[in-house]
>>> print(open('work-v8.pdb').read())   # PDB, C-alpha atoms
ATOM      1  CA  MET A 262      20.119  32.571  34.245  1.00  0.00           C
ATOM      2  CA  SER A 263      16.841  34.393  34.251  1.00  0.00           C
ATOM      3  CA  PRO A 264      13.573  32.518  33.761  1.00  0.00           C
ATOM      4  CA  SER A 265      12.876  34.368  30.484  1.00  0.00           C
ATOM      5  CA  ILE A 266      16.166  33.147  28.959  1.00  0.00           C
ATOM      6  CA  LEU A 267      15.401  29.570  30.051  1.00  0.00           C
ATOM      7  CA  LEU A 268      11.925  29.827  28.546  1.00  0.00           C
ATOM      8  CA  LEU A 269      13.369  31.198  25.298  1.00  0.00           C
ATOM      9  CA  ALA A 270      15.933  28.365  25.155  1.00  0.00           C
ATOM     10  CA  LEU A 271      13.183  25.798  25.761  1.00  0.00           C
ATOM     11  CA  VAL A 272      10.989  27.261  23.008  1.00  0.00           C
ATOM     12  CA  LEU A 273      13.884  27.430  20.529  1.00  0.00           C
ATOM     13  CA  GLY A 274      14.968  23.882  21.378  1.00  0.00           C
ATOM     14  CA  SER A 275      11.420  22.612  20.872  1.00  0.00           C
ATOM     15  CA  ALA A 276      11.174  24.433  17.546  1.00  0.00           C
ATOM     16  CA  VAL A 277      14.432  22.847  16.348  1.00  0.00           C
ATOM     17  CA  VAL A 278      13.141  19.382  17.301  1.00  0.00           C
ATOM     18  CA  VAL A 279       9.851  19.964  15.437  1.00  0.00           C
ATOM     19  CA  VAL A 280      11.657  21.270  12.334  1.00  0.00           C
ATOM     20  CA  LEU A 281      14.018  18.270  12.329  1.00  0.00           C
ATOM     21  CA  ALA A 282      11.089  15.859  12.713  1.00  0.00           C
ATOM     22  CA  VAL A 283       9.224  17.467   9.799  1.00  0.00           C
ATOM     23  CA  LEU A 284      12.348  17.411   7.603  1.00  0.00           C
ATOM     24  CA  GLY A 285      12.979  13.776   8.512  1.00  0.00           C
ATOM     25  CA  GLY A 286       9.385  12.891   7.616  1.00  0.00           C
ATOM     26  CA  LEU A 287       9.651  14.683   4.281  1.00  0.00           C
ATOM     27  CA  LEU A 288      12.910  12.910   3.443  1.00  0.00           C
ATOM     28  CA  LEU A 289      11.371   9.569   4.341  1.00  0.00           C
ATOM     29  CA  ALA A 290       8.297  10.288   2.205  1.00  0.00           C
ATOM     30  CA  ARG A 291      10.512  11.323  -0.704  1.00  0.00           C
ATOM     31  CA  ARG A 292      12.562   8.123  -0.395  1.00  0.00           C
ATOM     32  CA  ARG A 293       9.403   6.026  -0.193  1.00  0.00           C
ATOM     33  CA  LEU A 294       7.777   7.712  -3.179  1.00  0.00           C
ATOM     34  CA  GLY A 295      11.079   7.420  -5.064  1.00  0.00           C
ATOM     35  CA  LYS A 296      10.516   3.659  -5.092  1.00  0.00           C
ATOM     36  CA  LEU A 297       7.720   4.327  -7.556  1.00  0.00           C
ATOM     37  CA  LYS A 298      10.266   5.543 -10.087  1.00  0.00           C
ATOM     38  CA  ALA A 299      12.383   2.437  -9.528  1.00  0.00           C
ATOM     39  CA  GLY A 300       9.956  -0.024 -11.109  1.00  0.00           C
ATOM     40  CA  GLY A 301       7.168   0.182  -8.562  1.00  0.00           C
ATOM     41  CA  ILE A 302       3.494   0.528  -9.276  1.00  0.00           C
ATOM     42  CA  GLU A 303       1.015   2.774  -7.518  1.00  0.00           C
ATOM     43  CA  VAL A 304      -1.432   0.632  -5.511  1.00  0.00           C
ATOM     44  CA  ALA A 305      -4.040   1.434  -2.878  1.00  0.00           C
ATOM     45  CA  LEU A 306      -4.627  -1.263  -0.250  1.00  0.00           C
ATOM     46  CA  ARG A 307      -7.407  -1.849   2.270  1.00  0.00           C
ATOM     47  CA  VAL A 308      -7.373  -4.566   4.905  1.00  0.00           C
ATOM     48  CA  HIS A 309     -10.557  -3.852   6.835  1.00  0.00           C
ATOM     49  CA  ARG A 310     -13.568  -3.972   4.537  1.00  0.00           C
ATOM     50  CA  ALA A 311     -16.209  -3.531   7.254  1.00  0.00           C
ATOM     51  CA  GLU A 312     -16.770   0.170   6.496  1.00  0.00           C
ATOM     52  CA  PRO A 313     -17.599   0.656   2.808  1.00  0.00           C
ATOM     53  CA  GLY A 314     -15.414   3.260   1.094  1.00  0.00           C
ATOM     54  CA  ARG A 315     -13.068   3.719   4.062  1.00  0.00           C
ATOM     55  CA  GLY A 316      -9.667   2.422   5.129  1.00  0.00           C
ATOM     56  CA  TRP A 317      -7.739   2.824   1.861  1.00  0.00           C
ATOM     57  CA  HIS A 318      -4.009   3.622   1.971  1.00  0.00           C
ATOM     58  CA  LEU A 319      -1.968   4.693  -1.031  1.00  0.00           C
ATOM     59  CA  GLY A 320       1.380   3.029  -1.599  1.00  0.00           C
ATOM     60  CA  VAL A 321       3.874   1.536  -3.988  1.00  0.00           C
ATOM     61  CA  ALA A 322       4.194  -2.166  -4.796  1.00  0.00           C
ATOM     62  CA  HIS A 323       7.003  -4.275  -6.244  1.00  0.00           C
ATOM     63  CA  TYR A 324       7.126  -7.863  -7.421  1.00  0.00           C
ATOM     64  CA  HIS A 325       9.770  -9.929  -5.597  1.00  0.00           C
ATOM     65  CA  GLY A 326       9.593 -13.457  -6.964  1.00  0.00           C
ATOM     66  CA  GLU A 327       6.568 -15.075  -5.336  1.00  0.00           C
ATOM     67  CA  GLU A 328       5.697 -11.963  -3.314  1.00  0.00           C
ATOM     68  CA  PHE A 329       3.851  -8.768  -4.084  1.00  0.00           C
ATOM     69  CA  ALA A 330       5.479  -6.345  -1.636  1.00  0.00           C
ATOM     70  CA  TRP A 331       3.420  -3.238  -0.799  1.00  0.00           C
ATOM     71  CA  TYR A 332       4.931  -0.151   0.841  1.00  0.00           C
ATOM     72  CA  ARG A 333       2.646   2.483   2.343  1.00  0.00           C
ATOM     73  CA  ALA A 334       3.428   5.918   0.854  1.00  0.00           C
ATOM     74  CA  LEU A 335       3.915   7.588   4.232  1.00  0.00           C
ATOM     75  CA  SER A 336       5.363   5.142   6.715  1.00  0.00           C
ATOM     76  CA  LEU A 337       8.368   4.852   9.014  1.00  0.00           C
ATOM     77  CA  ARG A 338       8.910   1.181   8.182  1.00  0.00           C
ATOM     78  CA  SER A 339      11.931   0.327   6.076  1.00  0.00           C
ATOM     79  CA  GLY A 340      10.475  -2.931   4.737  1.00  0.00           C
ATOM     80  CA  PRO A 341       7.151  -3.662   3.081  1.00  0.00           C
ATOM     81  CA  ASP A 342       3.988  -3.033   5.070  1.00  0.00           C
ATOM     82  CA  TRP A 343       2.352  -6.055   3.397  1.00  0.00           C
ATOM     83  CA  ALA A 344       3.867  -8.965   1.504  1.00  0.00           C
ATOM     84  CA  LEU A 345       1.334 -11.040  -0.388  1.00  0.00           C
ATOM     85  CA  ASN A 346       2.489 -14.447  -1.591  1.00  0.00           C
ATOM     86  CA  ARG A 347       0.726 -15.552  -4.771  1.00  0.00           C
ATOM     87  CA  GLY A 348       0.779 -19.175  -3.626  1.00  0.00           C
ATOM     88  CA  ASP A 349      -1.525 -18.564  -0.658  1.00  0.00           C
ATOM     89  CA  MET A 350      -4.031 -16.065  -2.036  1.00  0.00           C
ATOM     90  CA  GLU A 351      -6.757 -16.100  -4.622  1.00  0.00           C
ATOM     91  CA  ILE A 352      -8.767 -13.482  -6.417  1.00  0.00           C
ATOM     92  CA  ALA A 353     -12.276 -13.537  -4.976  1.00  0.00           C
ATOM     93  CA  SER A 354     -13.771 -10.760  -7.122  1.00  0.00           C
ATOM     94  CA  ARG A 355     -13.172  -7.593  -9.127  1.00  0.00           C
ATOM     95  CA  ARG A 356     -15.211  -4.381  -9.162  1.00  0.00           C
ATOM     96  CA  ASN A 357     -15.192  -0.698 -10.005  1.00  0.00           C
ATOM     97  CA  PRO A 358     -14.568   1.622  -7.046  1.00  0.00           C
ATOM     98  CA  SER A 359     -17.449   3.538  -5.505  1.00  0.00           C
ATOM     99  CA  THR A 360     -17.496   7.310  -5.900  1.00  0.00           C
ATOM    100  CA  ALA A 361     -16.383   7.713  -2.255  1.00  0.00           C
ATOM    101  CA  GLU A 362     -13.352   5.476  -2.861  1.00  0.00           C
ATOM    102  CA  THR A 363     -11.968   7.059  -6.024  1.00  0.00           C
ATOM    103  CA  TYR A 364     -10.202   9.950  -4.263  1.00  0.00           C
ATOM    104  CA  THR A 365      -7.914   7.545  -2.357  1.00  0.00           C
ATOM    105  CA  MET A 366      -6.841   5.460  -5.354  1.00  0.00           C
ATOM    106  CA  PRO A 367      -4.660   5.813  -8.410  1.00  0.00           C
ATOM    107  CA  SER A 368      -6.543   7.304 -11.355  1.00  0.00           C
ATOM    108  CA  GLY A 369      -8.627   4.818 -13.340  1.00  0.00           C
ATOM    109  CA  SER A 370      -8.362   2.081 -10.718  1.00  0.00           C
ATOM    110  CA  LEU A 371     -10.146  -1.228 -10.521  1.00  0.00           C
ATOM    111  CA  VAL A 372     -10.578  -2.963  -7.150  1.00  0.00           C
ATOM    112  CA  VAL A 373      -9.543  -6.587  -6.649  1.00  0.00           C
ATOM    113  CA  HIS A 374     -10.703  -8.505  -3.584  1.00  0.00           C
ATOM    114  CA  LEU A 375      -8.028 -10.997  -2.496  1.00  0.00           C
ATOM    115  CA  SER A 376      -8.613 -13.738   0.012  1.00  0.00           C
ATOM    116  CA  ARG A 377      -6.075 -15.734   1.927  1.00  0.00           C
ATOM    117  CA  SER A 378      -6.212 -17.524   5.240  1.00  0.00           C
ATOM    118  CA  GLY A 379      -6.956 -14.996   7.949  1.00  0.00           C
ATOM    119  CA  ASP A 380      -6.945 -11.927   5.690  1.00  0.00           C
ATOM    120  CA  ASP A 381      -9.561 -10.181   3.611  1.00  0.00           C
ATOM    121  CA  ILE A 382      -7.676  -7.649   1.479  1.00  0.00           C
ATOM    122  CA  GLU A 383      -8.608  -5.337  -1.362  1.00  0.00           C
ATOM    123  CA  ILE A 384      -6.128  -3.687  -3.681  1.00  0.00           C
ATOM    124  CA  ALA A 385      -6.832  -1.000  -6.259  1.00  0.00           C
ATOM    125  CA  MET A 386      -4.650  -0.171  -9.239  1.00  0.00           C
ATOM    126  CA  GLY A 387      -4.906   1.191 -12.754  1.00  0.00           C
ATOM    127  CA  TYR A 388      -5.923  -1.043 -15.640  1.00  0.00           C
ATOM    128  CA  ASP A 389      -2.372  -1.555 -16.988  1.00  0.00           C
ATOM    129  CA  ALA A 390      -0.996  -2.388 -13.536  1.00  0.00           C
ATOM    130  CA  LEU A 391      -3.908  -4.784 -12.962  1.00  0.00           C
ATOM    131  CA  THR A 392      -3.143  -6.581 -16.223  1.00  0.00           C
ATOM    132  CA  GLY A 393       0.431  -7.092 -15.018  1.00  0.00           C
ATOM    133  CA  PHE A 394      -0.781  -8.255 -11.588  1.00  0.00           C
ATOM    134  CA  LEU A 395      -3.144 -10.818 -13.118  1.00  0.00           C
ATOM    135  CA  SER A 396      -0.366 -12.104 -15.402  1.00  0.00           C
ATOM    136  CA  TRP A 397       1.918 -12.444 -12.387  1.00  0.00           C
ATOM    137  CA  MET A 398      -0.789 -14.350 -10.471  1.00  0.00           C
ATOM    138  CA  GLU A 399      -1.420 -16.706 -13.400  1.00  0.00           C
ATOM    139  CA  SER A 400       2.274 -17.426 -13.913  1.00  0.00           C
ATOM    140  CA  ALA A 401       2.557 -19.195 -10.569  1.00  0.00           C
ATOM    141  CA  PRO A 402       4.625 -22.403 -10.602  1.00  0.00           C
ATOM    142  CA  PRO A 403       2.683 -25.542 -11.629  1.00  0.00           C
ATOM    143  CA  SER A 404       2.751 -26.944  -8.103  1.00  0.00           C
ATOM    144  CA  SER A 405       0.695 -24.097  -6.676  1.00  0.00           C
ATOM    145  CA  VAL A 406      -3.063 -23.706  -6.861  1.00  0.00           C
ATOM    146  CA  ALA A 407      -4.389 -21.430  -9.596  1.00  0.00           C
ATOM    147  CA  PRO A 408      -5.497 -18.038  -8.171  1.00  0.00           C
ATOM    148  CA  TRP A 409      -8.980 -18.422  -9.597  1.00  0.00           C
ATOM    149  CA  ALA A 410      -9.482 -21.949  -8.212  1.00  0.00           C
ATOM    150  CA  GLY A 411     -12.923 -22.492  -6.809  1.00  0.00           C
ATOM    151  CA  HIS A 412     -14.523 -19.678  -8.826  1.00  0.00           C
TER     152      HIS A 412
END
>>> encode(input="work-v8.pdb", output="structure tokens")
Amino acid sequence: MSPSILLLALVLGSAVVVVLAVLGGLLLARRRLGKLKAGGIEVALRVHRAEPGRGWHLGVAHYHGEEFAWYRALSLRSGPDWALNRGDMEIASRRNPSTAETYTMPSGSLVVHLSRSGDDIEIAMGYDALTGFLSWMESAPPSSVAPWAGH
């Protein structure tokens, strides 16, 4: 075979691989975002609060018993990216998002700062979703500590 045919085959093979990777990513994103329609709520999450206004990731969350399972919108993971157990976290504070933060959050979001051992997490969700989240936190079993304890 001539070198030009080998080069052409290499280029075409690479193009096929890139197209398949893009299609796979789009299918995964569609599946992930489809969870929103299946009872999920749109939630932005930030783990590292050191840089104000930065580090937010949009995703979908579901309630699973004692856990608030959060799935990043564009991720290769099949399971939740974060699972927050209401028994080991408390609400430290609530605030309105800064102007720089609003573009990375669901429309009309409020920010809730959650603290648990070893983690300093903020979540942002719309007012209706936040009302549901607070109700879920307050409905913890009697044996657990109230989420607002100490405040």
>>> closest_residue(input="work-v8.pdb", among="A:Asp389, A:Glu383, A:Glu303, A:Glu399", to="Gly348 of chain A", atoms="all atoms listed in the file")
A:Glu399
>>> resolve_selection(input="work-v8.pdb", expression="the PyMOL selection byres ((chain A and resi 391) around 12)", output="ChimeraX atom specification")
/A:302-305,322,352,355-356,367,369-373,384-390,392-398
>>> atom_distance(input="work-v8.pdb", atom1="atom CA of Met366 of chain A", atom2="atom CA of Asp380 of chain A")
20.6 Å
>>> closest_residue(input="work-v8.pdb", among="A:Val278, A:Met350, A:Leu319, A:Leu269", to="Tyr364 of chain A", atoms="only C-alpha atoms")
A:Leu319
>>> resolve_selection(input="work-v8.pdb", expression="the PyMOL selection byres ((chain A and resi 317) around 6)", output="list in words")
Leu306, Arg307, Arg315, Gly316 and His318 of chain A
>>> residues_around(input="work-v8.pdb", residues="segment 329-332 of chain A", least_positions_apart="2", cutoff="6 Å", atoms="all atoms listed in the file", output="list in words")
Gly320, Val321, Ala322, His323, Tyr324, Pro341, Asp342, Trp343, Ala344 and Leu345 of chain A
>>> axis_aligned_box(input="work-v8.pdb", around="segment 335-338 of chain A", padding_each_side="8 Å", output="lines of an AutoDock Vina configuration file")
center_x = 6.4
center_y = 4.4
center_z = 6.6
size_x = 21.0
size_y = 22.4
size_z = 20.8
>>> closest_residue(input="work-v8.pdb", among="A:Arg347, A:Ser339, A:Val272, A:Asp381", to="Glu327 of chain A", atoms="only C-alpha atoms")
A:Arg347
>>> atom_distance(input="work-v8.pdb", atom1="atom CA of Glu328 of chain A", atom2="atom CA of Leu375 of chain A")
13.8 Å
>>> atom_distance(input="work-v8.pdb", atom1="atom CA of His309 of chain A", atom2="atom CA of His325 of chain A")
24.6 Å
>>> closest_residue(input="work-v8.pdb", among="A:Gly300, A:Gly285, A:Ser376, A:Leu267", to="Ser336 of chain A", atoms="all atoms listed in the file")
A:Gly285
